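Participant: Enclosed is the structure file model07.txt (compact mmCIF, C-alpha atoms).
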# COMPACT_ATOMS: atom_id res chain seq x y z
CA MET A 35 -6.36 -18.56 -26.98
CA GLU A 36 -7.58 -21.98 -25.85
CA GLN A 37 -9.27 -21.95 -22.46
CA GLU A 38 -7.76 -24.24 -19.80
CA SER A 39 -10.23 -26.72 -18.30
CA VAL A 40 -9.08 -26.15 -14.69
CA MET A 41 -6.97 -23.65 -12.79
CA LEU A 42 -5.64 -23.17 -9.26
CA ALA A 43 -7.38 -20.67 -7.00
CA ALA A 44 -7.17 -19.88 -3.29
CA ARG A 45 -10.56 -20.58 -1.72
CA LEU A 46 -11.70 -19.28 1.65
CA HIS A 47 -14.23 -21.70 3.18
CA HIS A 48 -14.40 -20.35 6.75
CA TRP A 49 -13.81 -16.88 8.19
CA ASN A 50 -10.53 -16.21 10.00
CA THR A 51 -8.73 -19.09 8.27
CA THR A 52 -6.13 -19.27 5.50
CA PRO A 53 -7.53 -20.03 2.04
CA THR A 54 -6.60 -23.37 0.49
CA LEU A 55 -5.43 -23.94 -3.07
CA GLU A 56 -7.96 -25.88 -5.13
CA GLU A 57 -8.63 -26.74 -8.75
CA VAL A 58 -11.63 -24.81 -10.09
CA THR A 59 -13.18 -23.96 -13.43
CA PRO A 60 -11.53 -20.88 -14.98
CA PRO A 61 -13.69 -17.74 -15.14
CA ALA A 62 -14.90 -16.16 -18.37
CA PRO A 63 -16.26 -12.70 -19.20
CA ALA A 64 -20.00 -12.51 -18.55
CA SER A 65 -20.47 -9.35 -20.59
CA ALA A 66 -18.73 -7.17 -23.17
CA ASP A 67 -17.56 -4.95 -20.30
CA GLU A 68 -15.40 -7.69 -18.72
CA VAL A 69 -11.98 -9.18 -19.42
CA THR A 70 -10.23 -12.30 -18.16
CA VAL A 71 -6.63 -11.90 -17.03
CA ALA A 72 -3.99 -14.61 -16.64
CA VAL A 73 -2.41 -13.58 -13.34
CA GLU A 74 1.38 -13.25 -13.05
CA ALA A 75 1.53 -11.89 -9.50
CA ALA A 76 -0.99 -10.99 -6.81
CA ALA A 77 -0.59 -8.72 -3.81
CA VAL A 78 -1.02 -10.01 -0.24
CA THR A 79 -2.17 -6.97 1.74
CA HIS A 80 -3.58 -6.01 5.11
CA LEU A 81 -6.88 -5.37 3.34
CA ASP A 82 -6.91 -8.98 2.12
CA LEU A 83 -6.34 -10.24 5.66
CA THR A 84 -9.09 -8.00 6.99
CA LEU A 85 -11.46 -9.47 4.41
CA THR A 86 -10.59 -13.06 5.35
CA SER A 87 -11.06 -12.31 9.07
CA GLY A 88 -14.80 -11.92 8.58
CA THR A 89 -14.81 -8.69 10.62
CA PHE A 90 -14.88 -6.36 7.62
CA ALA A 91 -17.85 -4.54 6.09
CA TYR A 92 -17.45 -6.83 3.06
CA ARG A 93 -18.53 -10.42 3.77
CA PRO A 94 -18.89 -12.21 0.43
CA GLU A 95 -20.61 -15.55 0.22
CA LEU A 96 -18.23 -18.43 0.98
CA PRO A 97 -16.33 -20.15 -0.51
CA PHE A 98 -14.60 -17.10 -1.94
CA THR A 99 -11.33 -16.25 -3.69
CA PRO A 100 -9.63 -13.20 -2.08
CA GLY A 101 -7.01 -10.93 -3.62
CA THR A 102 -7.62 -7.22 -4.15
CA ALA A 103 -4.80 -6.51 -6.63
CA GLY A 104 -2.77 -8.33 -9.25
CA ILE A 105 -0.84 -8.09 -12.50
CA GLY A 106 -1.38 -10.21 -15.57
CA THR A 107 -2.13 -10.45 -19.28
CA VAL A 108 -5.59 -10.13 -20.80
CA VAL A 109 -6.53 -13.46 -22.42
CA SER A 110 -10.19 -12.90 -23.31
CA GLY A 111 -12.75 -10.14 -23.54
CA ASP A 112 -12.11 -6.69 -25.00
CA THR A 113 -10.14 -7.30 -28.22
CA ALA A 114 -8.34 -3.97 -27.83
CA LEU A 115 -6.76 -5.31 -24.63
CA LEU A 116 -5.94 -8.87 -25.70
CA GLY A 117 -2.30 -9.61 -24.93
CA ARG A 118 -1.84 -6.41 -22.89
CA ARG A 119 -0.33 -6.46 -19.40
CA VAL A 120 -2.66 -4.86 -16.89
CA LEU A 121 -3.09 -4.03 -13.22
CA VAL A 122 -6.33 -5.49 -11.83
CA ARG A 123 -7.65 -3.51 -8.88
CA GLY A 124 -10.93 -2.00 -7.66
CA ALA A 125 -14.57 -2.50 -8.71
CA GLY A 126 -15.08 -4.99 -5.88
CA ILE A 127 -12.26 -7.34 -6.94
CA GLY A 128 -11.36 -9.53 -3.95
CA LEU A 129 -14.12 -7.96 -1.86
CA GLU A 130 -17.45 -8.54 -3.60
CA ARG A 131 -16.34 -10.59 -6.59
CA PRO A 132 -13.60 -13.26 -6.93
CA GLY A 133 -10.11 -11.84 -6.57
CA THR A 134 -6.57 -12.21 -7.83
CA TRP A 135 -5.40 -15.11 -5.66
CA ALA A 136 -5.97 -17.37 -8.67
CA GLU A 137 -4.31 -18.25 -11.95
CA GLN A 138 -7.02 -16.27 -13.75
CA VAL A 139 -9.44 -13.54 -12.74
CA THR A 140 -12.31 -11.90 -14.59
CA ALA A 141 -12.73 -8.19 -13.97
CA PRO A 142 -14.79 -5.25 -15.23
CA ARG A 143 -12.98 -3.12 -17.80
CA ALA A 144 -13.01 -0.27 -15.27
CA ALA A 145 -10.88 -2.36 -12.88
CA VAL A 146 -7.86 -2.71 -15.22
CA ARG A 147 -5.10 -0.28 -16.14
CA THR A 148 -2.41 -1.06 -18.69
CA ILE A 149 1.18 -1.21 -17.45
CA PRO A 150 4.55 -1.27 -19.23
CA ASP A 151 5.64 -4.66 -20.58
CA HIS A 152 8.96 -4.39 -18.76
CA ALA A 153 7.45 -3.64 -15.32
CA ASP A 154 8.28 -6.22 -12.66
CA ALA A 155 5.07 -8.18 -11.97
CA ALA A 156 5.38 -8.45 -8.18
CA LEU A 157 6.35 -4.81 -7.80
CA ALA A 158 3.54 -3.60 -10.07
CA ALA A 159 1.01 -5.85 -8.32
CA THR A 160 1.76 -4.40 -4.90
CA CYS A 161 2.78 -0.79 -5.47
CA TYR A 162 -0.52 0.96 -6.20
CA SER A 163 -1.69 1.62 -2.65
CA PRO A 164 1.66 2.62 -1.08
CA MET A 165 2.83 4.72 -4.03
CA THR A 166 -0.43 6.63 -4.45
CA THR A 167 -0.86 7.08 -0.69
CA GLY A 168 2.71 8.38 -0.40
CA TRP A 169 2.13 10.71 -3.35
CA ALA A 170 -1.09 12.13 -1.89
CA ALA A 171 0.44 12.55 1.57
CA VAL A 172 3.32 14.59 0.16
CA ASP A 173 1.55 16.38 -2.68
CA THR A 174 -2.20 16.89 -2.56
CA VAL A 175 -2.73 16.63 1.23
CA GLY A 176 0.57 17.63 2.84
CA HIS A 177 1.54 20.22 0.21
CA ILE A 178 5.18 19.75 1.15
CA VAL A 179 7.57 22.33 -0.29
CA LYS A 180 11.31 22.80 -0.49
CA GLY A 181 13.06 23.52 2.80
CA GLU A 182 10.43 22.14 5.15
CA ARG A 183 11.34 19.67 7.89
CA VAL A 184 9.26 16.50 7.56
CA LEU A 185 9.01 13.63 10.04
CA VAL A 186 7.84 10.32 8.52
CA THR A 187 6.82 7.56 10.93
CA GLY A 188 6.99 3.91 9.94
CA ALA A 189 9.71 4.91 7.49
CA SER A 190 10.75 1.32 6.74
CA GLY A 191 7.25 0.29 5.65
CA ALA A 192 5.79 0.45 2.16
CA VAL A 193 3.93 3.76 2.51
CA GLY A 194 6.50 5.30 4.84
CA SER A 195 9.50 4.48 2.66
CA LEU A 196 7.86 6.00 -0.41
CA ALA A 197 6.76 9.06 1.57
CA VAL A 198 10.40 9.54 2.63
CA GLN A 199 11.57 9.45 -0.99
CA LEU A 200 8.81 11.65 -2.39
CA ALA A 201 9.24 14.24 0.38
CA ALA A 202 12.99 14.33 -0.32
CA GLN A 203 12.26 14.77 -4.04
CA ALA A 204 10.08 17.76 -3.10
CA GLY A 205 13.11 19.34 -1.45
CA ALA A 206 12.23 18.67 2.18
CA HIS A 207 14.65 17.77 4.96
CA VAL A 208 13.34 14.31 5.89
CA LEU A 209 13.62 12.67 9.29
CA ALA A 210 12.73 8.97 9.12
CA LEU A 211 11.34 7.44 12.31
CA VAL A 212 11.46 3.66 12.92
CA ARG A 213 10.68 1.51 15.93
CA ASP A 214 14.10 -0.11 16.42
CA GLU A 215 17.58 -0.62 14.95
CA ALA A 216 16.46 -3.63 12.90
CA LYS A 217 13.98 -1.45 10.99
CA ALA A 218 16.60 1.23 10.30
CA ALA A 219 18.29 -0.90 7.63
CA ALA A 220 15.14 -0.72 5.47
CA VAL A 221 14.91 3.09 5.51
CA PRO A 222 15.56 4.60 2.04
CA ALA A 223 18.85 6.36 1.45
CA ALA A 224 16.87 9.53 0.64
CA ALA A 225 16.28 10.14 4.36
CA HIS A 226 18.48 12.88 5.80
CA GLU A 227 18.25 11.57 9.37
CA ILE A 228 17.07 8.31 10.94
CA LEU A 229 15.39 8.48 14.36
CA ILE A 230 14.82 5.34 16.44
CA GLY A 231 12.07 4.98 19.01
CA GLN A 232 10.23 7.80 20.78
CA GLY A 233 12.62 8.57 23.64
CA PRO A 234 13.98 11.96 24.80
CA ASP A 235 16.89 11.93 22.32
CA THR A 236 14.54 11.36 19.41
CA LEU A 237 12.27 14.20 20.55
CA ALA A 238 15.23 16.52 20.97
CA ARG A 239 16.50 15.78 17.44
CA ALA A 240 13.01 16.26 16.01
CA ALA A 241 12.79 19.66 17.74
CA ASP A 242 16.12 20.85 16.29
CA SER A 243 16.14 23.82 13.89
CA GLY A 244 12.79 25.07 15.10
CA GLY A 245 10.98 21.75 14.96
CA ILE A 246 8.91 19.76 12.48
CA ASP A 247 6.82 21.50 9.84
CA ILE A 248 4.95 18.38 8.79
CA LEU A 249 4.32 15.00 10.41
CA LEU A 250 3.46 12.17 7.99
CA ASP A 251 2.14 9.56 10.41
CA THR A 252 1.74 6.10 8.86
CA VAL A 253 1.43 4.24 12.19
CA GLY A 254 -1.06 6.14 14.39
CA GLY A 255 -1.41 5.44 18.09
CA ASP A 256 0.32 7.94 20.37
CA THR A 257 2.67 9.33 17.71
CA LEU A 258 1.09 12.76 17.31
CA PRO A 259 0.70 13.43 21.06
CA THR A 260 4.32 12.35 21.59
CA PHE A 261 5.75 14.65 18.91
CA LEU A 262 3.38 17.59 19.29
CA THR A 263 5.89 19.61 21.34
CA ALA A 264 8.51 19.04 18.62
CA MET A 265 6.32 20.59 15.92
CA ARG A 266 6.51 24.16 14.75
CA PRO A 267 3.49 26.34 15.59
CA GLY A 268 1.21 26.27 12.56
CA GLY A 269 2.50 22.86 11.38
CA ARG A 270 0.53 20.08 9.70
CA ALA A 271 -0.03 16.46 10.70
CA VAL A 272 -1.11 14.08 7.93
CA LEU A 273 -2.81 11.06 9.52
CA ILE A 274 -2.31 8.06 7.22
CA GLY A 275 -2.38 4.76 9.14
CA TYR A 276 -3.13 3.18 12.49
CA VAL A 277 -1.17 -0.08 12.83
CA ALA A 278 0.19 1.16 16.18
CA GLY A 279 -3.24 2.10 17.51
CA LYS A 280 -6.70 3.01 16.24
CA THR A 281 -7.47 5.78 18.73
CA LEU A 282 -5.97 9.22 19.18
CA SER A 283 -6.02 10.94 22.57
CA ILE A 284 -4.54 14.41 22.62
CA ASP A 285 -4.38 17.32 25.03
CA LEU A 286 -6.51 19.99 23.35
CA PRO A 287 -4.81 23.02 24.99
CA SER A 288 -1.45 21.75 23.67
CA LEU A 289 -2.89 21.18 20.19
CA LEU A 290 -4.46 24.63 20.12
CA ALA A 291 -1.30 26.27 21.43
CA ARG A 292 0.75 24.64 18.64
CA ASP A 293 -1.99 25.46 16.11
CA VAL A 294 -1.33 22.20 14.27
CA THR A 295 -3.68 21.32 11.41
CA LEU A 296 -4.87 17.70 11.35
CA LEU A 297 -5.19 16.27 7.84
CA PRO A 298 -6.76 12.78 7.73
CA MET A 299 -6.06 10.72 4.60
CA ASN A 300 -8.88 8.92 2.77
CA MET A 301 -7.65 7.39 -0.47
CA VAL A 302 -11.10 5.98 -1.30
CA ARG A 303 -12.29 9.52 -2.00
CA ARG A 304 -9.10 10.70 -3.67
CA HIS A 305 -8.70 10.51 -7.45
CA VAL A 306 -5.30 9.47 -8.80
CA PRO A 307 -4.84 10.81 -12.34
CA ASP A 308 -3.56 8.34 -14.94
CA GLU A 309 -0.47 10.47 -15.55
CA VAL A 310 0.40 10.34 -11.84
CA PHE A 311 -0.09 6.55 -11.69
CA HIS A 312 2.04 5.92 -14.79
CA GLY A 313 4.70 8.42 -13.70
CA LEU A 314 5.10 6.80 -10.29
CA LEU A 315 5.09 3.29 -11.75
CA ASN A 316 7.76 4.28 -14.28
CA ASP A 317 9.84 5.78 -11.46
CA LEU A 318 9.59 2.49 -9.55
CA THR A 319 10.30 0.40 -12.63
CA ASP A 320 13.36 2.49 -13.48
CA ARG A 321 14.42 2.58 -9.79
CA ARG A 322 14.18 6.33 -9.34
CA LEU A 323 11.92 5.25 -6.47
CA ILE A 324 12.61 2.09 -4.45
CA LEU A 325 9.97 -0.16 -2.90
CA ASN A 326 11.04 -3.34 -1.11
CA THR A 327 8.92 -6.22 -2.39
CA THR A 328 9.02 -9.79 -1.07
CA THR A 329 7.69 -12.65 -3.22
CA TYR A 330 6.50 -16.17 -2.52
CA PRO A 331 5.46 -18.82 -5.07
CA PHE A 332 1.68 -19.14 -5.33
CA ASP A 333 1.80 -22.65 -3.84
CA HIS A 334 3.40 -21.08 -0.74
CA LEU A 335 0.45 -18.73 -0.21
CA PRO A 336 -0.13 -19.86 3.42
CA ALA A 337 3.45 -18.85 4.28
CA ALA A 338 2.95 -15.47 2.59
CA VAL A 339 -0.27 -14.88 4.53
CA GLU A 340 1.46 -15.81 7.79
CA ALA A 341 4.35 -13.43 7.03
CA ARG A 342 1.87 -10.61 6.48
CA HIS A 343 0.03 -11.51 9.69
CA GLN A 344 3.29 -11.50 11.68
CA GLY A 345 4.55 -8.25 10.19
CA THR A 346 7.92 -9.80 9.36
CA VAL A 347 8.07 -8.29 5.85
CA ALA A 348 9.41 -4.78 5.23
CA GLY A 349 7.62 -3.26 2.26
CA THR A 350 5.10 -5.10 0.10
CA LEU A 351 4.34 -8.79 -0.39
CA ALA A 352 3.23 -10.76 -3.45
CA VAL A 353 2.69 -14.31 -4.62
CA THR A 354 3.84 -15.18 -8.15
CA MET A 355 2.28 -17.74 -10.48
Show this structure as structure tokens.
Facilitator:
Amino acid sequence: MEQESVMLAARLHHWNTTPTLEEVTPPAPASADEVTVAVEAAAVTHLDLTLTSGTFAYRPELPFTPGTAGIGTVVSGDTALLGRRVLVRGAGIGLERPGTWAEQVTAPRAAVRTIPDHADAALAATCYSPMTTGWAAVDTVGHIVKGERVLVTGASGAVGSLAVQLAAQAGAHVLALVRDEAKAAAVPAAAHEILIGQGPDTLARAADSGGIDILLDTVGGDTLPTFLTAMRPGGRAVLIGYVAGKTLSIDLPSLLARDVTLLPMNMVRRHVPDEVFHGLLNDLTDRRLILNTTTYPFDHLPAAVEARHQGTVAGTLAVTM
């Protein structure tokens, strides 16, 4: 395939600013272990925004092209992969080496996974983190089983909505908690009950039928202390996210009396088997699982970044080439 002489890429020149679209020289594999991918869609994530803020542990040399995940077709490199659609993610992509906010990206072979030809590009580009986090919260960390009562916070978000669906598939009775009425519309139909806010009525409903066996907390802050009295003695709390607050203050006598096990999630250390990844992606592609995905054209990247900053998007967000 003939190499284009220029391509568009988002370039970050100063920390805590929005990258600008510029014409640059396309990348090429520097070794036999690399491939170049023509990007179809790239995720716009909280991790990307953290990187561009300049406050993260990763501070690549500027100017830099962000973008930690994307979908595209291999156009050069490993001949066995030429023409294959792949997910590009990991191995420092968008953190230590140029990322997916570009028409082409070069990545180590270890950073690509093949995906079905019929998979929606924007969905596939953005689903990896929420779908694997939801899977681990329900399966390998939460060990949710049939008949348990599960409370999922942030149930309209990407991770929360998938956790609701996967917990329901496991046979649990799922209570979906959202901040307000506007968020309730984005809660998956798999939820058995929708709870709004953290007032007395919500706590009373959570405590029904003996209380909550498992809390899947995607938002953090004061959620666990608030719902501790609504949990069954011996329950589990899976701590997933912290968009509502990065600190946890809890009354230890109350925690000990409830005998609740705290289970922090760390997906960096957690292996996701290929069969799990492909199974979840197929479920999303065939709509057995639903993930709300909003797309912007690549030339509207600043608007996409602003939408992610403002938190106005329910689910995931991608730019398409």
Participant: Find the residues around region 42-54 of chain A up to 12 Å (all atoms listed in the file counted), leave out those fewer than 3 positions away in its own chain, and share them as a PyMOL selection string.
Facilitator: chain A and resi 38-39+57-61+72-73+76+82-90+92-101+128+132-139+332-340+342-343+353+355
Participant: Could you please take those selected residues and save C-alpha atoms as an mmCIF file, in the coordinates of the input?
Facilitator:
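Produced file selection.cif, reproduced below:
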data_model
loop_
_atom_site.group_PDB
_atom_site.id
_atom_site.type_symbol
_atom_site.label_atom_id
_atom_site.label_comp_id
_atom_site.auth_asym_id
_atom_site.auth_seq_id
_atom_site.Cartn_x
_atom_site.Cartn_y
_atom_site.Cartn_z
ATOM 1 C CA GLU A 38 -7.760 -24.240 -19.800
ATOM 2 C CA SER A 39 -10.230 -26.720 -18.300
ATOM 3 C CA GLU A 57 -8.630 -26.740 -8.750
ATOM 4 C CA VAL A 58 -11.630 -24.810 -10.090
ATOM 5 C CA THR A 59 -13.180 -23.960 -13.430
ATOM 6 C CA PRO A 60 -11.530 -20.880 -14.980
ATOM 7 C CA PRO A 61 -13.690 -17.740 -15.140
ATOM 8 C CA ALA A 72 -3.990 -14.610 -16.640
ATOM 9 C CA VAL A 73 -2.410 -13.580 -13.340
ATOM 10 C CA ALA A 76 -0.990 -10.990 -6.810
ATOM 11 C CA ASP A 82 -6.910 -8.980 2.120
ATOM 12 C CA LEU A 83 -6.340 -10.240 5.660
ATOM 13 C CA THR A 84 -9.090 -8.000 6.990
ATOM 14 C CA LEU A 85 -11.460 -9.470 4.410
ATOM 15 C CA THR A 86 -10.590 -13.060 5.350
ATOM 16 C CA SER A 87 -11.060 -12.310 9.070
ATOM 17 C CA GLY A 88 -14.800 -11.920 8.580
ATOM 18 C CA THR A 89 -14.810 -8.690 10.620
ATOM 19 C CA PHE A 90 -14.880 -6.360 7.620
ATOM 20 C CA TYR A 92 -17.450 -6.830 3.060
ATOM 21 C CA ARG A 93 -18.530 -10.420 3.770
ATOM 22 C CA PRO A 94 -18.890 -12.210 0.430
ATOM 23 C CA GLU A 95 -20.610 -15.550 0.220
ATOM 24 C CA LEU A 96 -18.230 -18.430 0.980
ATOM 25 C CA PRO A 97 -16.330 -20.150 -0.510
ATOM 26 C CA PHE A 98 -14.600 -17.100 -1.940
ATOM 27 C CA THR A 99 -11.330 -16.250 -3.690
ATOM 28 C CA PRO A 100 -9.630 -13.200 -2.080
ATOM 29 C CA GLY A 101 -7.010 -10.930 -3.620
ATOM 30 C CA GLY A 128 -11.360 -9.530 -3.950
ATOM 31 C CA PRO A 132 -13.600 -13.260 -6.930
ATOM 32 C CA GLY A 133 -10.110 -11.840 -6.570
ATOM 33 C CA THR A 134 -6.570 -12.210 -7.830
ATOM 34 C CA TRP A 135 -5.400 -15.110 -5.660
ATOM 35 C CA ALA A 136 -5.970 -17.370 -8.670
ATOM 36 C CA GLU A 137 -4.310 -18.250 -11.950
ATOM 37 C CA GLN A 138 -7.020 -16.270 -13.750
ATOM 38 C CA VAL A 139 -9.440 -13.540 -12.740
ATOM 39 C CA PHE A 332 1.680 -19.140 -5.330
ATOM 40 C CA ASP A 333 1.800 -22.650 -3.840
ATOM 41 C CA HIS A 334 3.400 -21.080 -0.740
ATOM 42 C CA LEU A 335 0.450 -18.730 -0.210
ATOM 43 C CA PRO A 336 -0.130 -19.860 3.420
ATOM 44 C CA ALA A 337 3.450 -18.850 4.280
ATOM 45 C CA ALA A 338 2.950 -15.470 2.590
ATOM 46 C CA VAL A 339 -0.270 -14.880 4.530
ATOM 47 C CA GLU A 340 1.460 -15.810 7.790
ATOM 48 C CA ARG A 342 1.870 -10.610 6.480
ATOM 49 C CA HIS A 343 0.030 -11.510 9.690
ATOM 50 C CA VAL A 353 2.690 -14.310 -4.620
ATOM 51 C CA MET A 355 2.280 -17.740 -10.480
#
Participant: Applying 8 Å and all atoms listed in the file, which residues near Gly191 (chain A) remain after dropping the ones on its own chain fewer than 3 positions away? List them as a PDB file with C-alpha atoms, keeping the file's coordinate frame.
Facilitator:
ATOM      1  CA  GLY A 188       6.990   3.910   9.940  1.00  0.00           C
ATOM      2  CA  GLY A 194       6.500   5.300   4.840  1.00  0.00           C
ATOM      3  CA  SER A 195       9.500   4.480   2.660  1.00  0.00           C
ATOM      4  CA  ALA A 220      15.140  -0.720   5.470  1.00  0.00           C
ATOM      5  CA  ALA A 348       9.410  -4.780   5.230  1.00  0.00           C
ATOM      6  CA  GLY A 349       7.620  -3.260   2.260  1.00  0.00           C
TER       7      GLY A 349
END
Participant: Report as a ChimeraX atom specification all protein, DNA and RNA residues lying within 12 Å of Asp285 (chain A), evaluated on all atoms listed in the file, omitting residues in the same chain fewer than 6 positions from it.
Facilitator: /A:256,258-260,262-263,291-292
Participant: At a cut-off of 10 Å, using only C-alpha atoms, what residues contact Ala159 (chain A)? Leave out same-chain residues fewer than 6 positions from it and give the result as a PyMOL selection string.
Facilitator: chain A and resi 73-78+102-106+120-123+134+153+327+350-354
Participant: Find the residue from A:Arg119, A:His80, A:Arg270, A:Arg213 that sits nearest to Arg147 (chain A); use all atoms listed in the file when measuring.
Facilitator: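 Distance minimum relative to Arg147 (chain A) lands on A:Arg119.
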Participant: Excluding Leu115 (chain A) and any residue of its chain fewer than 4 positions from it, enumerate the residues within 12 Å of it, using all atoms listed in the file, and give them as an NGL selection string.
Facilitator: :A and (67-71 or 106-111 or 119-120 or 143 or 146-149)
Participant: Find the residue from A:Leu200, A:Val310, A:Thr281, A:Ala125 that sits nearest to Leu323 (chain A); use all atoms listed in the file when measuring.
Facilitator: A:Leu200
